[in-house]
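The file final_18.txt contains compact mmCIF, C-alpha atoms:
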```txt
# COMPACT_ATOMS: atom_id res chain seq x y z
CA MET A 3 204.53 18.42 254.37
CA SER A 4 202.39 19.89 257.16
CA PHE A 5 198.59 20.18 257.01
CA ALA A 6 198.81 23.98 256.67
CA ALA A 7 201.50 23.79 253.98
CA LYS A 8 199.49 21.26 251.95
CA THR A 9 196.41 23.45 252.21
CA ASP A 10 198.39 26.49 251.04
CA GLU A 11 199.83 24.52 248.14
CA LEU A 12 196.40 23.46 246.92
CA LEU A 13 194.97 26.96 247.29
CA ASN A 14 197.91 28.46 245.38
CA LEU A 15 197.46 25.97 242.57
CA ALA A 16 193.75 26.77 242.48
CA ARG A 17 194.44 30.49 242.08
CA SER A 18 196.70 29.89 239.09
CA ARG A 19 195.18 30.01 235.62
CA ALA A 20 198.09 28.19 234.01
CA PRO A 21 196.89 24.93 232.38
CA ALA A 22 199.83 23.03 233.89
CA ASP A 23 198.91 24.20 237.40
CA ARG A 24 195.28 23.24 236.86
CA GLU A 25 196.36 19.74 235.92
CA ARG A 26 198.75 19.59 238.91
CA LEU A 27 195.83 20.53 241.16
CA LEU A 28 193.66 17.71 239.86
CA LEU A 29 196.47 15.20 240.16
CA ALA A 30 197.19 16.40 243.71
CA ILE A 31 193.55 15.75 244.62
CA VAL A 32 193.77 12.30 243.05
CA ASP A 33 196.91 11.50 245.06
CA LEU A 34 195.31 12.70 248.28
CA CYS A 35 192.59 10.13 247.88
CA ASP A 36 195.22 7.46 248.60
CA ALA A 37 196.65 9.24 251.63
CA GLY A 38 194.28 7.88 254.29
CA ASP A 39 192.75 9.64 257.28
CA ALA A 40 195.09 12.61 257.14
CA ALA A 41 193.86 13.40 253.66
CA VAL A 42 190.24 13.17 254.78
CA GLY A 43 190.97 15.78 257.43
CA LEU A 44 192.54 18.02 254.84
CA MET A 45 189.77 17.54 252.26
CA THR A 46 187.01 18.29 254.79
CA SER A 47 188.67 21.47 256.03
CA GLN A 48 186.73 24.64 255.32
CA PRO A 49 189.27 26.26 252.94
CA ILE A 50 189.60 23.13 250.81
CA GLN A 51 185.84 22.53 250.71
CA ALA A 52 185.38 26.11 249.56
CA LEU A 53 188.03 25.49 246.91
CA LEU A 54 186.35 22.33 245.68
CA ASN A 55 182.91 23.90 245.52
CA SER A 56 184.07 27.08 243.79
CA ILE A 57 186.40 25.93 241.00
CA PHE A 58 186.60 22.16 240.91
CA MET A 59 183.67 21.78 238.52
CA SER A 60 185.27 23.89 235.80
CA LEU A 61 188.55 22.06 236.28
CA VAL A 62 186.95 18.68 235.76
CA VAL A 63 185.08 19.80 232.65
CA GLU A 64 188.36 20.94 231.10
CA ALA A 65 190.42 17.96 232.27
CA GLU A 66 191.72 15.22 230.01
CA ARG A 67 189.71 12.01 229.84
CA ASP A 68 192.39 9.97 231.63
CA ILE A 69 192.47 12.39 234.57
CA ARG A 70 188.66 12.34 234.85
CA ARG A 71 188.76 8.54 234.85
CA ARG A 72 191.41 8.42 237.58
CA LEU A 73 189.51 11.00 239.60
CA SER A 74 186.31 8.95 239.33
CA GLU A 75 188.11 5.82 240.53
CA LYS A 76 189.74 7.62 243.46
CA LEU A 77 186.59 9.47 244.54
CA SER A 78 184.26 6.48 244.23
CA ALA A 79 184.49 5.74 247.96
CA ALA A 80 185.13 9.27 249.26
CA GLU A 81 182.42 10.56 251.59
CA TRP A 82 183.85 14.08 251.48
CA ALA A 83 183.62 14.49 247.70
CA PRO A 84 181.47 17.47 246.58
CA PRO A 85 178.05 16.19 245.46
CA ALA A 86 177.99 18.41 242.36
CA LEU A 87 181.33 16.98 241.23
CA ILE A 88 180.23 13.38 241.77
CA ASN A 89 177.03 14.01 239.80
CA VAL A 90 179.03 15.46 236.91
CA LEU A 91 181.33 12.43 236.88
CA ALA A 92 178.29 10.13 237.04
CA LEU A 93 176.98 11.70 233.82
CA ASP A 94 180.34 11.48 232.03
CA ASP A 95 181.23 8.74 229.54
CA ILE A 96 180.32 5.38 231.02
CA GLU A 97 183.94 4.26 231.55
CA ILE A 98 184.46 7.37 233.66
CA ALA A 99 181.06 7.25 235.35
CA ARG A 100 181.03 3.56 236.27
CA PRO A 101 183.10 3.72 239.52
CA VAL A 102 181.09 6.54 241.10
CA ILE A 103 177.73 5.09 240.03
CA ALA A 104 178.69 1.72 241.49
CA GLY A 105 180.09 2.90 244.79
CA SER A 106 179.99 6.59 245.65
CA PRO A 107 178.28 7.17 249.02
CA VAL A 108 177.62 10.74 247.90
CA LEU A 109 175.02 9.67 245.32
CA LYS A 110 171.58 9.60 246.93
CA ASP A 111 168.32 8.12 245.69
CA HIS A 112 167.27 11.31 243.89
CA ASP A 113 170.65 11.43 242.11
CA LEU A 114 170.27 7.85 240.94
CA VAL A 115 166.70 8.46 239.74
CA ARG A 116 167.99 11.46 237.77
CA LEU A 117 170.54 9.20 236.07
CA LEU A 118 167.77 6.79 235.13
CA VAL A 119 165.88 9.63 233.44
CA GLU A 120 168.71 11.56 231.81
CA ALA A 121 171.64 9.20 231.18
CA THR A 122 172.35 6.44 228.65
CA ILE A 123 171.25 2.84 228.87
CA GLU A 124 174.78 1.91 230.02
CA HIS A 125 174.51 4.34 232.93
CA GLN A 126 171.06 3.02 233.81
CA ILE A 127 172.37 -0.55 233.87
CA GLU A 128 175.08 0.52 236.32
CA VAL A 129 172.46 2.15 238.54
CA ALA A 130 170.36 -1.03 238.51
CA GLY A 131 173.39 -3.09 239.54
CA ARG A 132 174.52 -0.72 242.31
CA PRO A 133 174.66 -2.51 245.67
CA GLY A 134 171.81 -1.82 248.06
CA ILE A 135 169.63 0.40 245.87
CA GLY A 136 166.39 1.34 247.64
CA PRO A 137 162.67 1.49 246.81
CA PRO A 138 162.61 4.91 245.02
CA VAL A 139 165.31 3.79 242.58
CA ILE A 140 163.71 0.38 242.05
CA ALA A 141 160.32 2.01 241.40
CA ALA A 142 161.86 4.26 238.74
CA ILE A 143 163.53 1.29 237.02
CA LEU A 144 160.29 -0.69 236.97
CA GLN A 145 158.34 2.29 235.67
CA GLN A 146 160.69 2.78 232.73
CA SER A 147 160.65 -0.95 231.90
CA GLU A 148 163.88 -0.88 229.86
CA PRO A 149 164.70 -4.58 229.27
CA ALA A 150 168.47 -4.35 229.77
CA VAL A 151 168.02 -2.31 232.96
CA LEU A 152 165.38 -4.73 234.29
CA THR A 153 167.81 -7.58 233.64
CA ALA A 154 170.51 -5.83 235.69
CA LEU A 155 168.00 -5.26 238.50
CA ALA A 156 166.95 -8.92 238.46
CA GLY A 157 170.60 -9.88 238.91
CA ASN A 158 171.15 -7.48 241.84
CA ALA A 159 170.77 -9.69 244.90
CA SER A 160 171.37 -6.77 247.28
CA ALA A 161 168.62 -4.53 245.89
CA ALA A 162 165.72 -3.93 248.29
CA LEU A 163 163.17 -5.73 246.12
CA GLY A 164 159.75 -6.22 247.64
CA ALA A 165 157.21 -8.88 246.72
CA HIS A 166 155.41 -6.50 244.35
CA ASP A 167 158.69 -5.55 242.67
CA LEU A 168 159.53 -9.19 242.07
CA GLU A 169 156.05 -9.79 240.72
CA ARG A 170 156.55 -7.03 238.15
CA LEU A 171 159.89 -8.55 237.15
CA VAL A 172 158.21 -11.93 236.66
CA GLU A 173 155.64 -10.24 234.41
CA ALA A 174 158.45 -8.59 232.45
CA ALA A 175 160.18 -11.96 232.09
CA GLN A 176 157.25 -13.12 229.97
CA ARG A 177 158.26 -10.54 227.34
CA HIS A 178 162.04 -10.37 227.78
CA ALA A 179 163.98 -13.63 227.90
CA ALA A 180 167.18 -12.10 229.31
CA ILE A 181 165.48 -11.36 232.64
CA ARG A 182 164.54 -14.98 233.32
CA SER A 183 167.84 -16.56 234.29
CA PRO A 184 169.02 -13.94 236.84
CA LEU A 185 165.50 -13.66 238.26
CA ALA A 186 165.29 -17.44 238.74
CA ARG A 187 168.42 -17.22 240.93
CA HIS A 188 167.26 -14.23 242.98
CA PRO A 189 167.32 -15.08 246.70
CA ALA A 190 164.04 -13.25 247.42
CA LEU A 191 162.00 -15.09 244.77
CA SER A 192 159.02 -16.85 246.36
CA GLY A 193 157.55 -20.21 245.49
CA ASP A 194 154.39 -18.66 244.03
CA LEU A 195 156.39 -16.35 241.78
CA ALA A 196 158.70 -19.22 240.83
CA ALA A 197 155.67 -21.18 239.64
CA ARG A 198 154.64 -18.25 237.44
CA LEU A 199 158.16 -17.80 236.14
CA TYR A 200 158.27 -21.51 235.27
CA LEU A 201 155.80 -20.82 232.45
CA TRP A 202 158.26 -18.60 230.55
CA VAL A 203 161.67 -20.25 231.03
CA GLY A 204 163.60 -22.98 229.26
CA GLN A 205 164.08 -26.53 230.44
CA ALA A 206 167.33 -25.96 232.36
CA ILE A 207 165.88 -23.11 234.42
CA ARG A 208 162.66 -25.05 234.98
CA GLN A 209 164.64 -27.89 236.51
CA SER A 210 166.45 -25.53 238.87
CA LEU A 211 163.14 -23.97 239.96
CA VAL A 212 161.60 -27.40 240.56
CA GLU A 213 164.54 -28.42 242.74
CA ARG A 214 164.79 -25.14 244.66
CA PHE A 215 161.06 -24.66 245.37
CA ARG A 216 159.83 -28.28 245.15
CA LEU A 217 157.36 -27.38 242.41
CA ASP A 218 155.03 -29.89 240.75
CA PRO A 219 156.28 -30.07 237.14
CA VAL A 220 153.27 -32.13 235.98
CA ALA A 221 150.78 -29.48 237.10
CA LEU A 222 152.89 -26.66 235.73
CA ASP A 223 153.32 -28.35 232.36
CA ALA A 224 149.54 -28.73 232.20
CA ALA A 225 149.20 -25.00 232.83
CA ILE A 226 151.62 -24.31 229.99
CA ALA A 227 149.56 -26.48 227.65
CA ALA A 228 146.43 -24.54 228.61
CA SER A 229 148.21 -21.26 227.90
CA VAL A 230 149.21 -22.51 224.46
CA ARG A 231 145.58 -23.38 223.68
CA GLU A 232 144.53 -19.88 224.75
CA ALA A 233 147.17 -18.37 222.52
CA HIS A 234 145.92 -20.36 219.56
CA ALA A 235 142.43 -19.04 220.27
CA GLY A 236 143.74 -15.51 220.12
CA THR A 237 142.99 -14.53 223.71
CA ALA A 238 146.55 -14.23 224.89
CA ALA A 239 147.66 -12.42 221.73
CA GLU A 240 144.97 -9.74 222.11
CA ALA A 241 145.82 -9.14 225.76
CA CYS A 242 149.52 -8.89 224.97
CA GLU A 243 148.86 -6.42 222.15
CA GLY A 244 146.84 -4.18 224.46
CA ARG A 245 149.60 -4.17 227.07
CA THR A 246 152.22 -3.42 224.41
CA LEU A 247 150.29 -0.41 223.10
CA ALA A 248 149.87 0.94 226.63
CA ARG A 249 153.60 0.55 227.31
CA ASP A 250 154.47 2.30 224.04
CA ASP A 251 152.27 5.27 224.96
CA GLU A 252 153.85 5.48 228.43
CA ARG A 253 157.36 5.31 226.93
CA GLU A 254 156.68 8.13 224.49
CA ASP A 255 155.22 10.33 227.23
CA MET A 256 158.28 9.65 229.38
CA GLU A 257 160.63 10.55 226.55
CA ARG A 258 158.79 13.80 225.88
CA ARG A 259 159.18 14.72 229.56
CA LEU A 260 162.90 13.90 229.37
CA VAL A 261 163.36 16.15 226.34
CA ALA A 262 161.46 18.96 228.06
CA LYS A 263 163.71 18.70 231.13
CA LEU A 264 166.91 18.70 229.07
CA SER A 265 165.69 21.63 226.98
CA ALA A 266 164.69 23.66 230.03
CA ALA A 267 168.11 23.05 231.57
CA GLY A 268 169.90 24.07 228.38
CA GLN A 269 171.39 20.56 228.07
CA LEU A 270 169.67 19.40 224.88
CA ARG A 271 172.24 19.22 222.09
CA ALA A 272 172.27 17.89 218.53
CA GLY A 273 174.63 15.09 219.61
CA TYR A 274 171.91 13.79 221.92
CA LEU A 275 169.78 12.97 218.86
CA LEU A 276 172.44 10.67 217.44
CA ARG A 277 172.76 8.94 220.81
CA ALA A 278 169.00 8.38 220.91
CA LEU A 279 169.13 6.66 217.52
CA LYS A 280 172.09 4.50 218.57
CA GLU A 281 169.97 3.32 221.53
CA GLY A 282 167.07 2.50 219.19
CA ARG A 283 164.82 5.23 220.63
CA LEU A 284 163.17 6.78 217.56
CA PRO A 285 160.39 8.59 219.53
CA LEU A 286 163.08 10.22 221.68
CA PHE A 287 164.92 11.32 218.52
CA ALA A 288 161.69 12.80 217.09
CA ALA A 289 160.84 14.64 220.30
CA GLY A 290 164.39 15.97 220.63
CA LEU A 291 164.54 17.14 217.00
CA ALA A 292 161.21 18.92 217.40
CA ALA A 293 162.33 20.65 220.60
CA LEU A 294 165.71 21.73 219.21
CA GLY A 295 164.23 23.07 215.98
CA ARG A 296 161.09 24.46 217.60
CA PHE A 297 159.01 22.35 215.27
CA GLU A 298 155.73 20.62 215.95
CA GLU A 299 156.38 16.96 216.73
CA SER A 300 153.70 16.07 214.16
CA GLN A 301 155.80 17.87 211.52
CA VAL A 302 158.83 15.77 212.40
CA ARG A 303 156.77 12.59 212.29
CA ARG A 304 155.47 13.48 208.83
CA ALA A 305 159.03 14.00 207.64
CA LEU A 306 160.10 10.65 209.13
CA ASP A 307 157.22 8.81 207.45
CA SER A 308 157.46 10.54 204.06
CA ASP A 309 159.21 9.42 200.88
CA ARG A 310 161.34 12.58 200.87
CA PRO A 311 164.46 12.29 203.05
CA GLU A 312 165.33 15.89 202.17
CA LEU A 313 162.64 16.96 204.68
CA LEU A 314 164.49 15.22 207.47
CA ALA A 315 167.75 16.69 206.17
CA LEU A 316 166.33 20.24 206.38
CA ALA A 317 165.24 19.63 209.98
CA CYS A 318 168.68 18.28 210.85
CA ALA A 319 170.42 21.23 209.17
CA ALA A 320 168.18 23.58 211.16
CA VAL A 321 169.47 22.21 214.48
CA GLY A 322 173.14 22.28 213.50
CA ILE A 323 173.75 18.68 212.45
CA ASP A 324 176.62 18.45 209.98
CA ARG A 325 176.17 17.19 206.42
CA SER A 326 178.75 14.43 207.05
CA ALA A 327 176.66 12.98 209.90
CA PHE A 328 173.37 12.88 207.99
CA PRO A 329 173.90 9.62 206.02
CA THR A 330 174.41 7.79 209.31
CA ILE A 331 171.30 9.42 210.81
CA LEU A 332 169.21 8.58 207.74
CA ALA A 333 170.34 4.96 207.78
CA MET A 334 169.51 4.55 211.48
CA VAL A 335 166.11 6.25 211.12
CA ARG A 336 165.23 4.00 208.20
CA ASP A 337 166.32 0.95 210.16
CA LEU A 338 164.08 1.90 213.09
CA ASN A 339 161.16 3.17 211.01
CA GLY A 340 160.47 0.40 208.52
CA GLY A 341 162.59 1.87 205.73
CA ARG A 342 161.10 5.37 205.96
CA PRO A 343 161.71 8.07 204.91
CA GLY A 344 161.76 6.44 201.50
CA GLY A 345 163.38 7.59 198.31
CA GLY A 346 166.23 5.10 198.27
CA SER A 347 169.72 6.16 197.34
CA GLU A 348 168.40 8.87 195.00
CA GLY A 349 166.48 10.41 197.89
CA ALA A 350 169.59 10.31 200.04
CA ARG A 351 171.50 12.12 197.28
CA ARG A 352 168.80 14.81 197.07
CA ALA A 353 168.88 15.21 200.82
CA SER A 354 172.49 16.35 200.75
CA GLY A 355 171.30 19.55 199.07
CA ALA A 356 169.51 20.53 202.28
CA PHE A 357 172.91 21.34 203.76
CA GLY A 358 173.51 24.09 201.24
CA PRO A 359 175.25 27.43 201.69
CA PHE A 360 172.58 28.92 203.99
CA ASP A 361 172.20 29.23 207.74
CA ALA A 362 170.16 27.14 210.17
CA ASN A 363 167.27 29.63 210.32
CA ILE A 364 166.72 29.37 206.58
CA ALA A 365 166.81 25.56 206.77
CA GLY A 366 164.24 25.65 209.58
CA ALA A 367 161.93 27.96 207.67
CA ALA A 368 162.24 25.80 204.56
CA PHE A 369 161.42 22.69 206.59
CA ARG A 370 158.24 24.24 208.05
CA GLN A 371 157.10 25.50 204.67
CA THR A 372 157.83 22.25 202.86
CA VAL A 373 156.41 19.84 205.43
CA ASN A 374 153.23 21.96 205.69
CA PRO A 375 152.74 23.38 202.20
CA GLY A 376 150.12 26.09 201.88
```
Please rewrite the model in this file as structure tokens.
Amino acid sequence: MSFAAKTDELLNLARSRAPADRERLLLAIVDLCDAGDAAVGLMTSQPIQALLNSIFMSLVVEAERDIRRRLSEKLSAAEWAPPALINVLALDDIEIARPVIAGSPVLKDHDLVRLLVEATIEHQIEVAGRPGIGPPVIAAILQQSEPAVLTALAGNASAALGAHDLERLVEAAQRHAAIRSPLARHPALSGDLAARLYLWVGQAIRQSLVERFRLDPVALDAAIAASVREAHAGTAAEACEGRTLARDDEREDMERRLVAKLSAAGQLRAGYLLRALKEGRLPLFAAGLAALGRFEESQVRRALDSDRPELLALACAAVGIDRSAFPTILAMVRDLNGGRPGGGSEGARRASGAFGPFDANIAGAAFRQTVNPG
């Protein structure tokens, strides 16, 4: 088929509103990705670019999961792919997003930083492992200090890690054991940083560091013994506690900013709250629930720390969470919050009454009145 005929075919399919034609259009685009240089010429032509930019986004949103996955795989190396489309695929379920996050040349530093702020931990791990990530992306990863993402960064030998970046990873390795092994193998690790890392690792990794950097194990073991004595005296424990509190405050501020961005963009949904709990991020859940229900965050925290799970149930009902999902939410909140809200199984039974035959506005008003009586 000639270039002009293929262009006309795609444009005709695009103009059709029939679901079958929409699917044929997506599959035709997928097939073109395998067609070599001729396809690149077609896809970069002005009519086709206009087509992609005008209707492709809505097509992808409506497409079946398998088609979105195939499209992500085929477009992962395409330089002509529309940036908006690639960014949508990068925010899709991780199995769909993984190819474009790992390899799409269309994703720039600011796109990758956005993924680190807005996407799931799985997406963030893929960003940290992407070949050749640059300083802005690395700085964002280090600022967030998510252990699993730091571990992926430590194992990315092609990342543009500077001496200061590696130093921060060594500091993180003191707190998170998973970082230590990939960091010990990193080609840019210096002898000085290896000596510091030696203090936190197990015997097998110590031996590899000694052999690679010709370290003095006797002197380093003496340093470890001195650190243990400090810890017993309480010095190291106090310093660590202060750093932990500072990191917790920074994390909560970051999560409030994330919620504010999602809310302003109209992207904050009740399902996001469940995802936050699955990732173990209780402050993010609290901030998101407050934003969705237009509550004060202090009100949500009081509900979370109370012995009345029906308060949390009212807040959840006010933001559209279904009764059937609440037992799972309550169990995860209790697991992350030291067993609170209390009330045991009887409290959980009472909470089901919050999802009564009334609308979300009434549930929200009842929550505000009950959590702040008088």
#### Entry: Separation of atom CA of A:Ala293 from atom CA of A:Ser347 in Å
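Distance reported for this atom pair: 28.4 Å.
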### Shortest interatomic distance to A:Ala262 - which of A:Gly282, A:Pro359, A:Gly290, A:Gly105, counting all atoms listed in the file
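Counting all atoms listed in the file, the residue closest to A:Ala262 is A:Gly290.
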### Task
Mind checking which residues fall within 8 Å of stretch 177-183 of chain A, counting all atoms listed in the file, ignoring those fewer than 4 positions away in the same chain, and posting them as a VMD selection string?
chain A and resid 149 to 150 152 to 153 156 171 to 173 187 199 202 to 203 207
### Query
In file coordinates, which residues lie within 12 Å of (180.8, 12.5, 250.0) using all atoms listed in the file, given as number ranges by chain?
A: 42, 45-46, 51, 77-89, 102, 105-110
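Atom CA of A:Arg310 sits 8.7 Å away from atom CA of A:Arg352.
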### Residue neighbourhood stretch 363-373 of chain A, 12 Å, all atoms listed in the file, exclusion window fewer than 2 positions, as a count of residues only
41
### Message
Would you compute the distance between atom CA of A:Lys263 and atom CA of A:Val119? Give it in Å to one decimal.
### Response
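Computing it gives 9.6 Å between the two atoms.
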Residues near A:Ala121, cut-off 10 Å, all atoms listed in the file, skip fewer than 2 positions along chain, as a PDB file with C-alpha atoms, in the frame of the given file:
```pdb
ATOM      1  CA  ALA A  92     178.290  10.130 237.040  1.00  0.00           C
ATOM      2  CA  LEU A  93     176.980  11.700 233.820  1.00  0.00           C
ATOM      3  CA  ASP A  94     180.340  11.480 232.030  1.00  0.00           C
ATOM      4  CA  ASP A  95     181.230   8.740 229.540  1.00  0.00           C
ATOM      5  CA  ILE A  96     180.320   5.380 231.020  1.00  0.00           C
ATOM      6  CA  LEU A 114     170.270   7.850 240.940  1.00  0.00           C
ATOM      7  CA  VAL A 115     166.700   8.460 239.740  1.00  0.00           C
ATOM      8  CA  ARG A 116     167.990  11.460 237.770  1.00  0.00           C
ATOM      9  CA  LEU A 117     170.540   9.200 236.070  1.00  0.00           C
ATOM     10  CA  LEU A 118     167.770   6.790 235.130  1.00  0.00           C
ATOM     11  CA  VAL A 119     165.880   9.630 233.440  1.00  0.00           C
ATOM     12  CA  ILE A 123     171.250   2.840 228.870  1.00  0.00           C
ATOM     13  CA  GLU A 124     174.780   1.910 230.020  1.00  0.00           C
ATOM     14  CA  HIS A 125     174.510   4.340 232.930  1.00  0.00           C
ATOM     15  CA  GLN A 126     171.060   3.020 233.810  1.00  0.00           C
TER      16      GLN A 126
END
```
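When only C-alpha atoms are used to measure the gap to A:Asp255, the shortest distance among A:Ser210, A:Gln146, A:Ser18, A:Asn158 belongs to A:Gln146.
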### Summary
Residue with the minimum atom-to-atom distance to A:Leu279, picked from A:Ala353, A:Ile69, A:Leu332, A:Ala165 with only C-alpha atoms counted, is A:Leu332
For stretch 341-357 of chain A, which lacks atoms in the input, supply N, CA, C and O atoms and format the output as an mmCIF file, keeping the file's coordinate frame.
```cif
data_model
loop_
_atom_site.group_PDB
_atom_site.id
_atom_site.type_symbol
_atom_site.label_atom_id
_atom_site.label_comp_id
_atom_site.auth_asym_id
_atom_site.auth_seq_id
_atom_site.Cartn_x
_atom_site.Cartn_y
_atom_site.Cartn_z
ATOM 1 N N GLY A 341 162.104 1.420 207.019
ATOM 2 C CA GLY A 341 162.590 1.870 205.730
ATOM 3 C C GLY A 341 162.239 3.299 205.368
ATOM 4 O O GLY A 341 162.630 3.784 204.300
ATOM 5 N N ARG A 342 161.478 3.983 206.221
ATOM 6 C CA ARG A 342 161.100 5.370 205.960
ATOM 7 C C ARG A 342 162.039 6.322 206.709
ATOM 8 O O ARG A 342 162.534 5.966 207.781
ATOM 9 N N PRO A 343 162.267 7.542 206.158
ATOM 10 C CA PRO A 343 161.710 8.070 204.910
ATOM 11 C C PRO A 343 162.265 7.361 203.679
ATOM 12 O O PRO A 343 163.430 6.976 203.655
ATOM 13 N N GLY A 344 161.388 7.202 202.688
ATOM 14 C CA GLY A 344 161.760 6.440 201.500
ATOM 15 C C GLY A 344 162.631 7.262 200.565
ATOM 16 O O GLY A 344 163.293 8.212 200.961
ATOM 17 N N GLY A 345 162.594 6.874 199.301
ATOM 18 C CA GLY A 345 163.380 7.590 198.310
ATOM 19 C C GLY A 345 164.654 6.913 197.908
ATOM 20 O O GLY A 345 165.306 7.324 196.944
ATOM 21 N N GLY A 346 165.050 5.859 198.634
ATOM 22 C CA GLY A 346 166.230 5.100 198.270
ATOM 23 C C GLY A 346 167.490 5.937 198.223
ATOM 24 O O GLY A 346 167.616 6.983 198.856
ATOM 25 N N SER A 347 168.435 5.469 197.436
ATOM 26 C CA SER A 347 169.720 6.160 197.340
ATOM 27 C C SER A 347 169.578 7.499 196.628
ATOM 28 O O SER A 347 170.291 8.455 196.921
ATOM 29 N N GLU A 348 168.628 7.598 195.688
ATOM 30 C CA GLU A 348 168.400 8.870 195.000
ATOM 31 C C GLU A 348 167.877 9.918 195.973
ATOM 32 O O GLU A 348 168.273 11.078 195.939
ATOM 33 N N GLY A 349 166.978 9.491 196.873
ATOM 34 C CA GLY A 349 166.480 10.410 197.890
ATOM 35 C C GLY A 349 167.578 10.862 198.823
ATOM 36 O O GLY A 349 167.633 12.032 199.211
ATOM 37 N N ALA A 350 168.458 9.944 199.175
ATOM 38 C CA ALA A 350 169.590 10.310 200.040
ATOM 39 C C ALA A 350 170.491 11.323 199.344
ATOM 40 O O ALA A 350 171.011 12.244 199.980
ATOM 41 N N ARG A 351 170.672 11.166 198.017
ATOM 42 C CA ARG A 351 171.500 12.120 197.280
ATOM 43 C C ARG A 351 170.840 13.500 197.266
ATOM 44 O O ARG A 351 171.505 14.530 197.454
ATOM 45 N N ARG A 352 169.513 13.527 197.048
ATOM 46 C CA ARG A 352 168.800 14.810 197.070
ATOM 47 C C ARG A 352 168.906 15.479 198.432
ATOM 48 O O ARG A 352 169.010 16.699 198.538
ATOM 49 N N ALA A 353 168.877 14.662 199.460
ATOM 50 C CA ALA A 353 168.880 15.210 200.820
ATOM 51 C C ALA A 353 170.146 15.998 201.106
ATOM 52 O O ALA A 353 170.132 16.929 201.921
ATOM 53 N N SER A 354 171.238 15.644 200.469
ATOM 54 C CA SER A 354 172.490 16.350 200.750
ATOM 55 C C SER A 354 172.393 17.818 200.377
ATOM 56 O O SER A 354 173.112 18.663 200.917
ATOM 57 N N GLY A 355 171.475 18.162 199.465
ATOM 58 C CA GLY A 355 171.300 19.550 199.070
ATOM 59 C C GLY A 355 170.681 20.411 200.154
ATOM 60 O O GLY A 355 170.726 21.641 200.082
ATOM 61 N N ALA A 356 170.093 19.765 201.176
ATOM 62 C CA ALA A 356 169.510 20.530 202.280
ATOM 63 C C ALA A 356 170.580 21.218 203.115
ATOM 64 O O ALA A 356 170.282 22.142 203.868
ATOM 65 N N PHE A 357 171.816 20.757 203.001
ATOM 66 C CA PHE A 357 172.910 21.340 203.760
ATOM 67 C C PHE A 357 173.674 22.331 202.860
ATOM 68 O O PHE A 357 174.895 22.305 202.765
#
```
